[in-house]
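Visitor: Pasting upload-v4.tsv below, which is TSV, C-alpha atoms.
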chain	number	residue	atom	x	y	z
A	29	MET	CA	75.08	9.39	-22.54
A	30	PHE	CA	72.10	10.38	-24.57
A	31	TYR	CA	70.27	7.61	-26.35
A	32	GLY	CA	67.96	9.37	-28.72
A	33	ARG	CA	66.57	8.59	-32.12
A	34	GLY	CA	69.21	7.88	-34.70
A	35	ASP	CA	71.62	6.16	-32.32
A	36	GLY	CA	71.02	2.80	-33.91
A	37	ARG	CA	68.49	1.57	-31.36
A	38	ARG	CA	65.01	0.64	-32.43
A	39	SER	CA	62.14	2.42	-30.83
A	40	GLY	CA	61.25	0.90	-27.49
A	41	GLN	CA	64.71	-0.41	-26.68
A	42	GLY	CA	66.30	1.42	-23.82
A	43	ARG	CA	68.47	0.76	-20.81
A	44	GLY	CA	65.70	-0.72	-18.76
A	45	ILE	CA	65.17	-4.23	-17.55
A	46	GLY	CA	64.27	-5.70	-20.89
A	47	SER	CA	65.71	-8.66	-22.70
A	48	ASN	CA	68.82	-6.76	-23.79
A	49	ARG	CA	70.29	-6.99	-20.36
A	50	ASN	CA	72.87	-9.65	-19.69
A	51	SER	CA	71.61	-12.76	-18.05
A	52	ASN	CA	71.60	-12.67	-14.26
A	53	SER	CA	71.96	-8.92	-14.20
A	54	GLY	CA	69.03	-7.07	-12.78
A	55	PHE	CA	67.42	-10.00	-11.01
A	56	GLY	CA	68.16	-11.07	-7.50
A	57	PRO	CA	69.55	-14.46	-6.67
A	58	GLY	CA	66.77	-17.00	-7.22
A	59	GLY	CA	63.59	-15.82	-5.69
A	60	SER	CA	60.54	-14.44	-7.29
A	61	CYS	CA	57.72	-12.08	-6.52
A	62	ILE	CA	54.26	-13.49	-6.06
A	63	CYS	CA	50.84	-11.93	-6.11
A	64	PRO	CA	49.05	-12.53	-2.80
A	65	ASN	CA	45.73	-12.13	-4.57
A	66	CYS	CA	45.94	-14.49	-7.55
A	67	GLY	CA	49.24	-16.35	-7.09
A	68	ARG	CA	50.91	-15.06	-10.27
A	69	GLU	CA	54.70	-15.20	-10.09
A	70	VAL	CA	57.30	-13.03	-11.77
A	71	ALA	CA	61.06	-13.04	-11.41
A	72	HIS	CA	62.30	-10.79	-8.63
A	73	GLN	CA	63.93	-7.64	-9.90
A	74	ARG	CA	67.02	-6.53	-8.03
A	75	GLY	CA	66.70	-3.14	-6.48
A	76	VAL	CA	62.95	-3.02	-6.84
A	77	PRO	CA	60.93	-3.85	-3.74
A	78	CYS	CA	58.40	-6.54	-4.57
A	79	TYR	CA	55.58	-4.48	-3.15
A	80	GLU	CA	56.23	-1.77	-5.72
A	81	LEU	CA	55.47	-4.18	-8.55
A	82	LYS	CA	51.91	-4.64	-9.70
A	83	CYS	CA	50.69	-8.10	-10.59
A	84	PRO	CA	50.51	-8.37	-14.39
A	85	ALA	CA	47.35	-10.43	-14.04
A	86	CYS	CA	45.25	-8.62	-11.46
A	87	GLY	CA	47.12	-5.44	-10.54
A	88	SER	CA	47.61	-6.23	-6.85
A	89	PRO	CA	50.93	-5.37	-5.19
A	90	MET	CA	53.37	-8.26	-5.33
A	91	THR	CA	55.31	-9.72	-2.44
A	92	ARG	CA	58.46	-11.82	-2.15
A	93	LYS	CA	57.82	-15.52	-2.51
A	94	GLY	CA	59.08	-17.68	0.29
A	95	LEU	CA	58.47	-15.16	2.98
A	96	ASN	CA	55.40	-15.25	5.09
A	97	ASN	CA	54.64	-11.62	4.51
A	98	ILE	CA	51.96	-12.10	1.93
A	99	GLY	CA	49.41	-9.83	3.35
A	100	SER	CA	47.60	-12.28	5.54
A	101	THR	CA	47.25	-12.68	9.24
A	102	GLY	CA	48.84	-16.11	9.03
A	103	THR	CA	51.86	-17.19	10.99
A	104	ASP	CA	54.30	-20.05	10.75
A	105	ASP	CA	52.57	-21.81	13.61
A	106	ILE	CA	52.25	-25.33	12.30
A	107	ASN	CA	49.58	-26.07	14.86
A	108	ASN	CA	47.41	-23.36	13.40
A	109	ILE	CA	47.43	-24.19	9.71
A	110	PRO	CA	44.13	-24.25	7.83
A	111	VAL	CA	42.01	-27.37	7.94
A	112	ILE	CA	40.08	-28.67	4.94
A	113	ASP	CA	36.69	-30.12	5.67
A	114	GLY	CA	36.58	-33.21	3.49
A	115	GLU	CA	32.81	-33.35	3.83
A	116	GLU	CA	32.49	-29.95	2.20
A	117	CYS	CA	35.33	-29.99	-0.35
A	118	ILE	CA	34.09	-30.17	-3.94
A	119	GLY	CA	37.45	-31.06	-5.47
A	120	CYS	CA	37.65	-27.97	-7.67
A	121	GLU	CA	41.41	-27.59	-7.07
A	122	LYS	CA	41.21	-23.83	-6.84
A	123	CYS	CA	43.23	-23.96	-3.63
A	124	LEU	CA	45.98	-25.89	-5.41
A	125	GLU	CA	46.17	-23.21	-8.04
A	126	VAL	CA	46.75	-20.37	-5.63
A	127	CYS	CA	48.98	-22.03	-3.03
A	128	PRO	CA	52.44	-20.48	-3.52
A	129	PHE	CA	54.11	-23.22	-1.51
A	130	ASN	CA	52.62	-26.27	-3.25
A	131	ALA	CA	51.29	-27.29	0.12
A	132	ILE	CA	48.01	-28.77	-1.09
A	133	ARG	CA	47.42	-32.05	-2.88
A	134	MET	CA	44.37	-33.99	-3.96
A	135	ASN	CA	43.52	-37.26	-2.28
A	136	ALA	CA	40.52	-39.23	-3.52
A	137	GLY	CA	38.88	-36.14	-4.94
A	138	THR	CA	39.42	-34.06	-1.85
A	139	ALA	CA	42.06	-31.46	-1.19
A	140	GLU	CA	44.41	-31.91	1.73
A	141	ILE	CA	47.10	-29.69	3.18
A	142	ILE	CA	50.67	-30.88	3.47
A	143	ALA	CA	51.45	-29.60	6.93
A	144	ASP	CA	55.22	-29.33	6.61
A	145	LYS	CA	54.93	-27.23	3.47
A	146	CYS	CA	52.11	-24.96	4.55
A	147	ARG	CA	53.24	-21.45	5.53
A	148	ASN	CA	49.87	-20.53	6.87
A	149	CYS	CA	49.24	-17.77	4.37
A	150	HIS	CA	45.50	-18.53	4.28
A	151	ARG	CA	45.22	-17.81	0.58
A	152	CYS	CA	43.48	-21.16	0.08
A	153	MET	CA	40.84	-20.11	2.57
A	154	SER	CA	40.05	-16.97	0.68
A	155	VAL	CA	39.52	-18.68	-2.69
A	156	CYS	CA	37.57	-21.76	-1.62
A	157	PRO	CA	34.14	-21.35	-3.26
A	158	VAL	CA	32.38	-23.42	-0.61
A	159	GLU	CA	34.29	-22.25	2.48
A	160	ALA	CA	35.55	-25.74	3.12
A	161	ILE	CA	38.90	-24.49	4.43
A	162	LYS	CA	38.87	-23.02	7.91
Q	11	MET	CA	6.81	-33.93	-5.36
Q	12	SER	CA	9.44	-35.12	-7.81
Q	13	LEU	CA	12.87	-33.65	-8.47
Q	14	ILE	CA	14.38	-33.28	-11.93
Q	15	ILE	CA	18.12	-33.96	-11.71
Q	16	ALA	CA	20.97	-33.68	-14.21
Q	17	CYS	CA	23.85	-36.17	-14.12
Q	18	ALA	CA	27.18	-35.09	-15.64
Q	19	THR	CA	28.40	-37.81	-17.98
Q	20	ASP	CA	30.15	-38.52	-21.25
Q	21	ASP	CA	28.87	-42.04	-21.86
Q	22	GLY	CA	25.54	-42.16	-20.07
Q	23	VAL	CA	26.80	-44.82	-17.66
Q	24	ASN	CA	29.52	-43.23	-15.56
Q	25	PHE	CA	29.90	-39.84	-13.98
Q	26	ILE	CA	32.81	-37.90	-15.40
Q	27	ASN	CA	35.87	-37.33	-13.26
Q	28	ARG	CA	36.00	-33.71	-14.40
Q	29	HIS	CA	34.03	-30.70	-13.28
Q	30	PHE	CA	30.25	-30.74	-13.65
Q	31	GLY	CA	30.40	-28.14	-16.40
Q	32	ASP	CA	32.88	-30.16	-18.46
Q	33	ALA	CA	30.49	-33.02	-19.20
Q	34	ASP	CA	29.62	-33.83	-22.80
Q	35	TYR	CA	26.06	-34.69	-21.81
Q	36	TYR	CA	23.60	-34.32	-18.98
Q	37	TYR	CA	21.33	-37.28	-18.40
Q	38	ILE	CA	18.09	-36.02	-16.98
Q	39	TYR	CA	16.21	-38.14	-14.45
Q	40	ARG	CA	13.01	-37.62	-12.51
Q	41	LEU	CA	13.50	-38.60	-8.89
Q	42	ASP	CA	10.90	-39.12	-6.19
Q	43	GLU	CA	10.79	-41.00	-2.92
Q	44	ASN	CA	10.02	-44.25	-4.67
Q	45	GLY	CA	12.65	-44.31	-7.39
Q	46	SER	CA	14.07	-42.68	-10.47
Q	47	GLU	CA	13.07	-42.52	-14.09
Q	48	PHE	CA	15.19	-41.56	-17.10
Q	49	VAL	CA	13.77	-38.55	-18.92
Q	50	LYS	CA	16.17	-37.48	-21.64
Q	51	LYS	CA	19.74	-36.84	-22.65
Q	52	ILE	CA	20.85	-33.32	-23.44
Q	53	ALA	CA	24.16	-32.21	-24.93
Q	54	ASN	CA	26.35	-29.68	-23.19
Q	55	THR	CA	26.57	-27.07	-25.92
Q	56	THR	CA	28.34	-24.44	-23.83
Q	57	GLU	CA	31.70	-23.21	-25.03
Q	58	GLU	CA	34.98	-23.96	-23.30
Q	59	GLU	CA	35.90	-21.69	-20.44
Q	60	GLU	CA	38.03	-18.69	-21.33
Q	61	THR	CA	39.27	-18.55	-17.75
Q	62	HIS	CA	38.87	-20.85	-14.79
Q	63	ALA	CA	35.46	-20.27	-13.17
Q	64	ASP	CA	34.29	-18.32	-16.21
Q	65	PRO	CA	30.92	-16.71	-15.39
Q	66	LYS	CA	29.83	-17.16	-19.01
Q	67	LYS	CA	30.30	-20.89	-18.67
Q	68	ALA	CA	28.16	-21.00	-15.54
Q	69	GLY	CA	25.49	-18.94	-17.23
Q	70	GLY	CA	25.42	-21.27	-20.23
Q	71	ILE	CA	25.07	-24.37	-18.08
Q	72	VAL	CA	22.31	-22.80	-16.03
Q	73	GLN	CA	20.45	-21.78	-19.16
Q	74	ILE	CA	20.56	-25.29	-20.59
Q	75	LEU	CA	19.43	-26.95	-17.39
Q	76	MET	CA	16.76	-24.44	-16.47
Q	77	GLN	CA	15.01	-25.27	-19.73
Q	78	GLU	CA	14.61	-28.77	-18.33
Q	79	ASN	CA	13.47	-27.49	-14.94
Q	80	VAL	CA	16.46	-29.13	-13.26
Q	81	LYS	CA	16.51	-28.83	-9.48
Q	82	ALA	CA	19.75	-30.70	-8.74
Q	83	GLY	CA	22.99	-31.19	-10.65
Q	84	VAL	CA	24.94	-34.32	-9.83
Q	85	ALA	CA	28.66	-34.94	-10.38
Q	86	LYS	CA	31.77	-36.31	-8.71
Q	87	VAL	CA	33.56	-32.98	-8.94
Q	88	PHE	CA	32.42	-29.38	-9.23
Q	89	GLY	CA	34.45	-26.35	-10.20
Q	90	PRO	CA	34.63	-22.93	-8.54
Q	91	ASN	CA	31.55	-21.94	-10.54
Q	92	ILE	CA	29.56	-23.89	-7.97
Q	93	LYS	CA	28.99	-20.61	-6.16
Q	94	ARG	CA	27.08	-19.36	-9.21
Q	95	ILE	CA	25.13	-22.44	-10.18
Q	96	LYS	CA	23.97	-23.21	-6.65
Q	97	LYS	CA	21.72	-20.20	-6.90
Q	98	HIS	CA	19.73	-22.06	-9.56
Q	99	PHE	CA	19.86	-25.69	-8.49
Q	100	VAL	CA	21.31	-27.91	-5.79
Q	101	PRO	CA	24.86	-29.12	-6.56
Q	102	VAL	CA	25.21	-32.69	-5.33
Q	103	LEU	CA	28.58	-34.45	-5.15
Q	104	VAL	CA	28.42	-38.21	-5.28
Q	105	HIS	CA	31.05	-40.80	-4.49
Q	106	SER	CA	29.77	-43.40	-6.95
Q	107	ASP	CA	31.32	-43.98	-10.32
Q	108	THR	CA	28.14	-45.01	-12.11
Q	109	ILE	CA	24.97	-43.04	-12.53
Q	110	GLN	CA	22.90	-45.96	-11.32
Q	111	GLU	CA	24.76	-46.13	-8.02
Q	112	GLY	CA	24.58	-42.37	-7.77
Q	113	LEU	CA	20.82	-42.44	-8.17
Q	114	ASN	CA	20.61	-44.82	-5.25
Q	115	GLU	CA	22.67	-42.40	-3.17
Q	116	LEU	CA	20.33	-39.60	-4.17
Q	117	LEU	CA	17.27	-41.60	-3.21
Q	118	ASN	CA	18.66	-42.06	0.28
Q	119	SER	CA	19.07	-38.28	0.56
Q	120	TYR	CA	15.90	-37.28	-1.26
Q	121	THR	CA	14.47	-35.25	1.62
Q	122	GLU	CA	17.76	-33.45	2.21
Q	123	ILE	CA	18.01	-32.46	-1.45
Q	124	LEU	CA	14.43	-31.26	-1.41
Q	125	ASN	CA	15.10	-29.15	1.67
Q	126	LEU	CA	18.15	-27.57	0.01
Q	127	TRP	CA	16.11	-26.81	-3.09
Q	128	ASN	CA	13.50	-25.07	-0.97
Q	129	GLN	CA	16.17	-22.85	0.60
Q	130	GLY	CA	16.51	-20.89	-2.63
Q	131	GLU	CA	19.59	-18.98	-3.75
Q	132	THR	CA	21.31	-19.15	-0.39
Q	133	ARG	CA	21.39	-22.94	-0.41
Q	134	ARG	CA	24.60	-24.88	0.08
Q	135	HIS	CA	25.86	-27.84	-1.90
Q	136	LEU	CA	25.45	-31.42	-0.71
Q	137	VAL	CA	28.30	-33.92	-0.50
Q	138	LEU	CA	27.25	-37.57	-0.50
Q	139	LYS	CA	30.58	-39.13	0.35
In structure tokens, what does this structure look like?

Guide:
Amino acid sequence: MFYGRGDGRRSGQGRGIGSNRNSNSGFGPGGSCICPNCGREVAHQRGVPCYELKCPACGSPMTRKGLNNIGSTGTDDINNIPVIDGEECIGCEKCLEVCPFNAIRMNAGTAEIIADKCRNCHRCMSVCPVEAIK
Amino acid sequence: MSLIIACATDDGVNFINRHFGDADYYYIYRLDENGSEFVKKIANTTEEEETHADPKKAGGIVQILMQENVKAGVAKVFGPNIKRIKKHFVPVLVHSDTIQEGLNELLNSYTEILNLWNQGETRRHLVLK
């Protein structure tokens, strides 16, 4: 079918993945894509590999949230999760902002990692302005 | 040698529990090995951050404090802009709630702060916790 001008649709409305689609069609079950660079999340789009999407905030390729394939060398080894040096932490909360797994909390002005939530993605390490996470 | 320091505060008595750059005022003190002396109060006239760790915000804070020849900025919390401001003065994190207690902490670490100042742009921050 040809949807051209004069078919009753306003300009810009097509058959794509816009708001005209029925709810739950086009998106996978749950899940979302996450930017490994800045932590921005968008709903996962069925049929479109996450890595083909560009982050709307910073332009980096997205990845599927919940999987430990976020472009780092991290593993699920709980004995090897990052450690925050409380003597160096400045309490800026930048690590909280970027952690996709909500695995960091503040305690008396210092960040601390919740071991059973941490997926060892190391994103916190890369954003810490004082290199307090190792 | 004395050090000019800037304490991040809203009321002149307590340190704020927000980032250094979010303070309403900076209370300026002159610190030497023997004690501290209040110099003046200056308002933080920088605009709100457009984004977290906004470079413009850091630049504004530095500009204000450099006019006072500040060598150390003191607060309970710093933001990610610490990596920018540490090139211009020593960021010092204190544990104390009040400025007076914080000044005592600073006096105990006077030599360490002076050494960090002398390291120039590559200096690190100091945590007095």

Visitor: Show me, as number ranges by chain, the residues that have an atom within 12 Å of range 21-31 of chain Q when counting only C-alpha atoms, minus same-chain residues fewer than 6 positions from it.

Guide: A: 118-122, 136-137; Q: 37-39, 48, 50-59, 62-72, 74-75, 82-92, 94-95, 101-113

Visitor: Would you compute, for all listed atoms of range 39-51 of chain Q, the axis-aligned bounding box grown by 8 Å on each side, and then report its centre and edge lengths in Å rounded to one decimal, as AutoDock Vina command-line options?

Guide:
--center_x 14.9 --center_y -40.6 --center_z -12.8 --size_x 25.7 --size_y 23.5 --size_z 35.7

Visitor: Using all atoms listed in the file, I'd like every residue of chain A that has an atom within 12 Å of chain Q; please write them out as a list in words.

Guide: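 Close to chain Q, chain A has Cys66, Asp113, Gly114, Glu115, Glu116, Cys117, Ile118, Gly119, Cys120, Glu121, Lys122, Cys123, Glu125, Met134, Ala136, Gly137, Thr138, Ala139, Val155, Cys156, Pro157, Val158, Glu159 and Ala160 of chain A.
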
Visitor: In Å, with one decimal, what is the gap from CA of His150 in chain A to CA of Cys63 in chain A?

Guide: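 Result for CA of His150 in chain A versus CA of Cys63 in chain A: 13.4 Å, one decimal.
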
Visitor: Could you give me, as a VMD selection string, the residues within 8 Å of Lys97 in chain Q, counting only C-alpha atoms and dropping anything in the same chain fewer than 3 positions from it?

Guide: chain Q and resid 93 to 94 100 130 to 133

Visitor: Would you mind reading off the distance between CA of Ser88 in chain A and CA of Gly67 in chain A, one decimal, in Å?

Guide: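 Atom-to-atom, CA of Ser88 in chain A to CA of Gly67 in chain A, that is 10.3 Å.
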